[in-house]
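This report refers to the structure that appears directly beneath it.
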Amino acid sequence: LDKSYEHSYIGEGNDKLIKFWHTIKEDLYNLDNDIGETLDLAVNMPEKVKELENKLMAYLTKEHAEILDRSLSKEKKSKKPKTDSDDDD
């Protein structure tokens, strides 16, 4: 996995969560046991992923950071602007 893509991360204790914005994917590592970040624990620890993701998103929101979430971008793009011809129904 190429980790040069846009991402954000949060660390808490020995845990590190990396949120990749282009794939809407999160990786979770225990740095005590895996300093090289080779064993992704996200599938086995979904509660920890959610906990750290919530903390990360709260921090980014508090700091007014740009949120690069593709799912939010898709929602904005799917909303077609209303035109005068839409009123003709």
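Just remember, in the structure tokens the first chain shown is A, the second B, etc., residues are 1-based per chain, and ligands are 1-based in the order shown.
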
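Residue neighbourhood of A:Val49, excluding near-sequence residues (fewer than 6 positions): A:Leu17, A:Glu26, A:Leu28, A:Ala42, at 8 Å, using only C-alpha atoms.
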
| said: Could you list, as JSON, numbers by chain, every residue within 12 Å of A:Glu51, counting only C-alpha atoms and ignoring same-chain residues fewer than 4 positions away? | reply: {"A": [10, 11, 12, 15, 16, 17, 26, 28, 42, 45, 46, 47, 55, 56, 57, 58]}

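Each of A:Ile67, A:Thr61, A:Ser8, A:Asn14 was checked against A:Asn33 using only C-alpha atoms; the smallest atom-to-atom distance is that of A:Asn14.
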
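Counting only C-alpha atoms, the residue from A:Asp27, A:Asp40, A:Glu63, A:Asp32 that sits nearest to A:His7 is A:Asp27.
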
| query | Nearest to A:His22: which of A:Leu39, A:Leu52, A:Leu68, A:Leu60 is it, counting only C-alpha atoms? | reply | A:Leu68

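Atom CA of A:Glu37 to atom CA of A:His64 spans 28.6 Å [interatomic distance, one decimal].
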
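Using only C-alpha atoms, the shortest contact distance between A:Lys25 and any of A:Ala65, A:Lys48, A:Val43, A:Asn54 is found at A:Val43.
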
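Using only C-alpha atoms, the protein and nucleic acid residues lying no more than 9 Å from A:Thr38, apart from those fewer than 3 places from it along its own chain, are Tyr29, Asp34 and Ile35 of chain A.
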
Selection export as a tab-separated table (two decimals), in the first residue's frame, atoms kept: N, CA and C atoms:
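The result, stored in part_8.tsv:
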chain	number	residue	atom	x	y	z
A	29	TYR	N	-2.76	0.21	13.81
A	29	TYR	CA	-1.53	-0.48	14.19
A	29	TYR	C	-1.28	-0.35	15.68
A	34	ASP	N	4.37	-3.62	16.63
A	34	ASP	CA	4.55	-3.52	15.18
A	34	ASP	C	5.02	-2.11	14.81
A	35	ILE	N	6.23	-1.77	15.17
A	35	ILE	CA	6.75	-0.43	14.92
A	35	ILE	C	6.83	-0.12	13.43

| request: Report the residues of stretch 4-83 of chain A whose backbone DSSP state falls under strand (DSSP E or B), written as a ChimeraX atom specification. | output: /A:7-12,15-20,25-30

DSSP alpha helix (DSSP H) residues within stretch 8-73 of chain A, as a PDB file with N, CA and C atoms, in the first residue's frame:
ATOM      1  N   PRO A  46     -12.739  -3.368  15.169  1.00  0.00           N
ATOM      2  CA  PRO A  46     -13.569  -2.291  14.616  1.00  0.00           C
ATOM      3  C   PRO A  46     -14.006  -1.263  15.650  1.00  0.00           C
ATOM      4  N   GLU A  47     -14.156  -1.676  16.905  1.00  0.00           N
ATOM      5  CA  GLU A  47     -14.572  -0.716  17.943  1.00  0.00           C
ATOM      6  C   GLU A  47     -13.460   0.312  18.176  1.00  0.00           C
ATOM      7  N   LYS A  48     -12.224  -0.143  18.182  1.00  0.00           N
ATOM      8  CA  LYS A  48     -11.089   0.762  18.376  1.00  0.00           C
ATOM      9  C   LYS A  48     -10.952   1.704  17.189  1.00  0.00           C
ATOM     10  N   VAL A  49     -11.167   1.183  15.985  1.00  0.00           N
ATOM     11  CA  VAL A  49     -11.120   2.015  14.785  1.00  0.00           C
ATOM     12  C   VAL A  49     -12.157   3.131  14.896  1.00  0.00           C
ATOM     13  N   LYS A  50     -13.381   2.780  15.253  1.00  0.00           N
ATOM     14  CA  LYS A  50     -14.459   3.770  15.359  1.00  0.00           C
ATOM     15  C   LYS A  50     -14.148   4.804  16.437  1.00  0.00           C
ATOM     16  N   GLU A  51     -13.642   4.341  17.577  1.00  0.00           N
ATOM     17  CA  GLU A  51     -13.291   5.252  18.675  1.00  0.00           C
ATOM     18  C   GLU A  51     -12.237   6.268  18.236  1.00  0.00           C
ATOM     19  N   LEU A  52     -11.176   5.789  17.608  1.00  0.00           N
ATOM     20  CA  LEU A  52     -10.113   6.691  17.184  1.00  0.00           C
ATOM     21  C   LEU A  52     -10.540   7.571  16.013  1.00  0.00           C
ATOM     22  N   GLU A  53     -11.357   7.018  15.104  1.00  0.00           N
ATOM     23  CA  GLU A  53     -11.852   7.832  13.992  1.00  0.00           C
ATOM     24  C   GLU A  53     -12.724   8.972  14.507  1.00  0.00           C
ATOM     25  N   ASN A  54     -13.575   8.682  15.488  1.00  0.00           N
ATOM     26  CA  ASN A  54     -14.410   9.738  16.081  1.00  0.00           C
ATOM     27  C   ASN A  54     -13.556  10.828  16.708  1.00  0.00           C
ATOM     28  N   LYS A  55     -12.488  10.436  17.404  1.00  0.00           N
ATOM     29  CA  LYS A  55     -11.589  11.418  18.018  1.00  0.00           C
ATOM     30  C   LYS A  55     -10.854  12.226  16.952  1.00  0.00           C
ATOM     31  N   LEU A  56     -10.420  11.561  15.895  1.00  0.00           N
ATOM     32  CA  LEU A  56      -9.734  12.251  14.808  1.00  0.00           C
ATOM     33  C   LEU A  56     -10.658  13.267  14.145  1.00  0.00           C
ATOM     34  N   MET A  57     -11.866  12.848  13.820  1.00  0.00           N
ATOM     35  CA  MET A  57     -12.809  13.747  13.153  1.00  0.00           C
ATOM     36  C   MET A  57     -13.193  14.921  14.052  1.00  0.00           C
ATOM     37  N   ALA A  58     -13.342  14.670  15.351  1.00  0.00           N
ATOM     38  CA  ALA A  58     -13.650  15.749  16.296  1.00  0.00           C
ATOM     39  C   ALA A  58     -12.502  16.764  16.325  1.00  0.00           C
ATOM     40  N   TYR A  59     -11.278  16.265  16.327  1.00  0.00           N
ATOM     41  CA  TYR A  59     -10.121  17.152  16.337  1.00  0.00           C
ATOM     42  C   TYR A  59     -10.046  17.967  15.044  1.00  0.00           C
ATOM     43  N   LEU A  60     -10.211  17.320  13.893  1.00  0.00           N
ATOM     44  CA  LEU A  60     -10.152  18.030  12.620  1.00  0.00           C
ATOM     45  C   LEU A  60     -11.239  19.094  12.522  1.00  0.00           C
ATOM     46  N   THR A  61     -12.422  18.768  13.021  1.00  0.00           N
ATOM     47  CA  THR A  61     -13.529  19.728  13.017  1.00  0.00           C
ATOM     48  C   THR A  61     -13.213  20.912  13.919  1.00  0.00           C
ATOM     49  N   LYS A  62     -12.709  20.621  15.115  1.00  0.00           N
ATOM     50  CA  LYS A  62     -12.364  21.671  16.077  1.00  0.00           C
ATOM     51  C   LYS A  62     -11.313  22.619  15.508  1.00  0.00           C
ATOM     52  N   ARG A  70     -14.211  11.501   0.597  1.00  0.00           N
ATOM     53  CA  ARG A  70     -14.826  11.328  -0.722  1.00  0.00           C
ATOM     54  C   ARG A  70     -16.336  11.164  -0.631  1.00  0.00           C
ATOM     55  N   SER A  71     -16.829  10.529   0.417  1.00  0.00           N
ATOM     56  CA  SER A  71     -18.279  10.322   0.520  1.00  0.00           C
ATOM     57  C   SER A  71     -18.993  11.656   0.654  1.00  0.00           C
ATOM     58  N   LEU A  72     -18.397  12.626   1.332  1.00  0.00           N
ATOM     59  CA  LEU A  72     -19.005  13.948   1.438  1.00  0.00           C
ATOM     60  C   LEU A  72     -18.972  14.655   0.089  1.00  0.00           C
ATOM     61  N   SER A  73     -17.889  14.493  -0.650  1.00  0.00           N
ATOM     62  CA  SER A  73     -17.776  15.109  -1.970  1.00  0.00           C
ATOM     63  C   SER A  73     -18.814  14.540  -2.926  1.00  0.00           C
TER      64      SER A  73
END
